[in-house]
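Working notes for the structure below.
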Amino acid sequence: MTKMAVEMRLPILAIGSGMQTLNVVCGGTLFQHVPEEVQRALHHRDSVERFNRHIINIVEGTRCWDVYGPGEIRVNSDHHMAVNQLAPLFRASAHASDGVIECFESVEQDWFCM
């Protein structure tokens with residue numbers, strides 16, 4: 001279904017594993033386990049604290065910037081996998097301080113996909 005939605009250029013808002021699936025379907029890769037694969041990884045998932053949060057930095061000039069504005073925001077975080085290589089259709093629009101991509105969007109201006 002994800003592949004069909006991409007081919008049809010349907011508007012997409014992918015969150016969590018949907019974001020990871022979208023990236024892989026479009027040719028990107030994932031970190032299978034952030035704590036083991038990302039140097040100086042933040043806690044993106046906490047087995048004790050149910051509502052883990054951390055800060056992300058938004059990239060200027062992106063749709064994410066248009067929505068949230070400049071600077072950093074605090075987000076809920078509950079994932080151990082993450083985007084590694086971003087698919088060519090996308091650009092990163094927010095990162096955690098450890099470099100993990102927390103938001104990406106289409107490079108095509110006429111296709112809403114975040």
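A note on labels: chains of the structure tokens are A, B, ... as shown, every chain counts residues from 1, and ligands are counted from 1 in their shown order.
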
Within 12 Å of A:Gly61 using only C-alpha atoms, minus same-chain residues under 5 positions, as a list in words: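 Neighbouring residues, sequence-local ones excluded: Asp66, Val67, Tyr68, Gly69, Pro70, Arg91, Ala92, Ser93, Ala94, Glu105, Val107 and Gln109 of chain A.
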
Polymer residues at most 12 Å from A:Asp110, only C-alpha atoms, same-chain spacing of 2 or more positions, as a list in words: Arg9, Leu10, Pro11, Arg63, Glu105, Ser106, Val107, Glu108, Phe112 and Cys113 of chain A

Best match for closeness to A:Leu89 among A:Ile15, A:Met8, A:Cys26, A:Ile101, counting only C-alpha atoms: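 That would be A:Cys26, the residue with the smallest distance to A:Leu89.
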
Which of A:Leu13, A:Gly18, A:Val100, A:Pro88 sits closest to A:His54 [using only C-alpha atoms]: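 Closest candidate: A:Val100.
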
Of the listed residues A:Asn57, A:Thr29, A:Gln20, A:Asn84, that which approaches A:Ala96 most closely, counting only C-alpha atoms: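 Counting only C-alpha atoms, the residue closest to A:Ala96 is A:Asn57.
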
Atom CA of A:Gln85 to atom CA of A:Phe104, distance in Å rounded to a single decimal: 11.5 Å

Residue nearest A:Thr21 among A:Glu7, A:Ile55, A:Ala82, A:Val75 (counting only C-alpha atoms): A:Ala82

Proximity to A:Asn76 - best of A:Val24, A:Leu30, A:Gly16, A:Trp111, only C-alpha atoms: A:Gly16

Nearest to A:Met114, chosen from A:Gly71, A:Met1, A:Thr62, A:Asp98, with only C-alpha atoms counted in the distances: A:Thr62
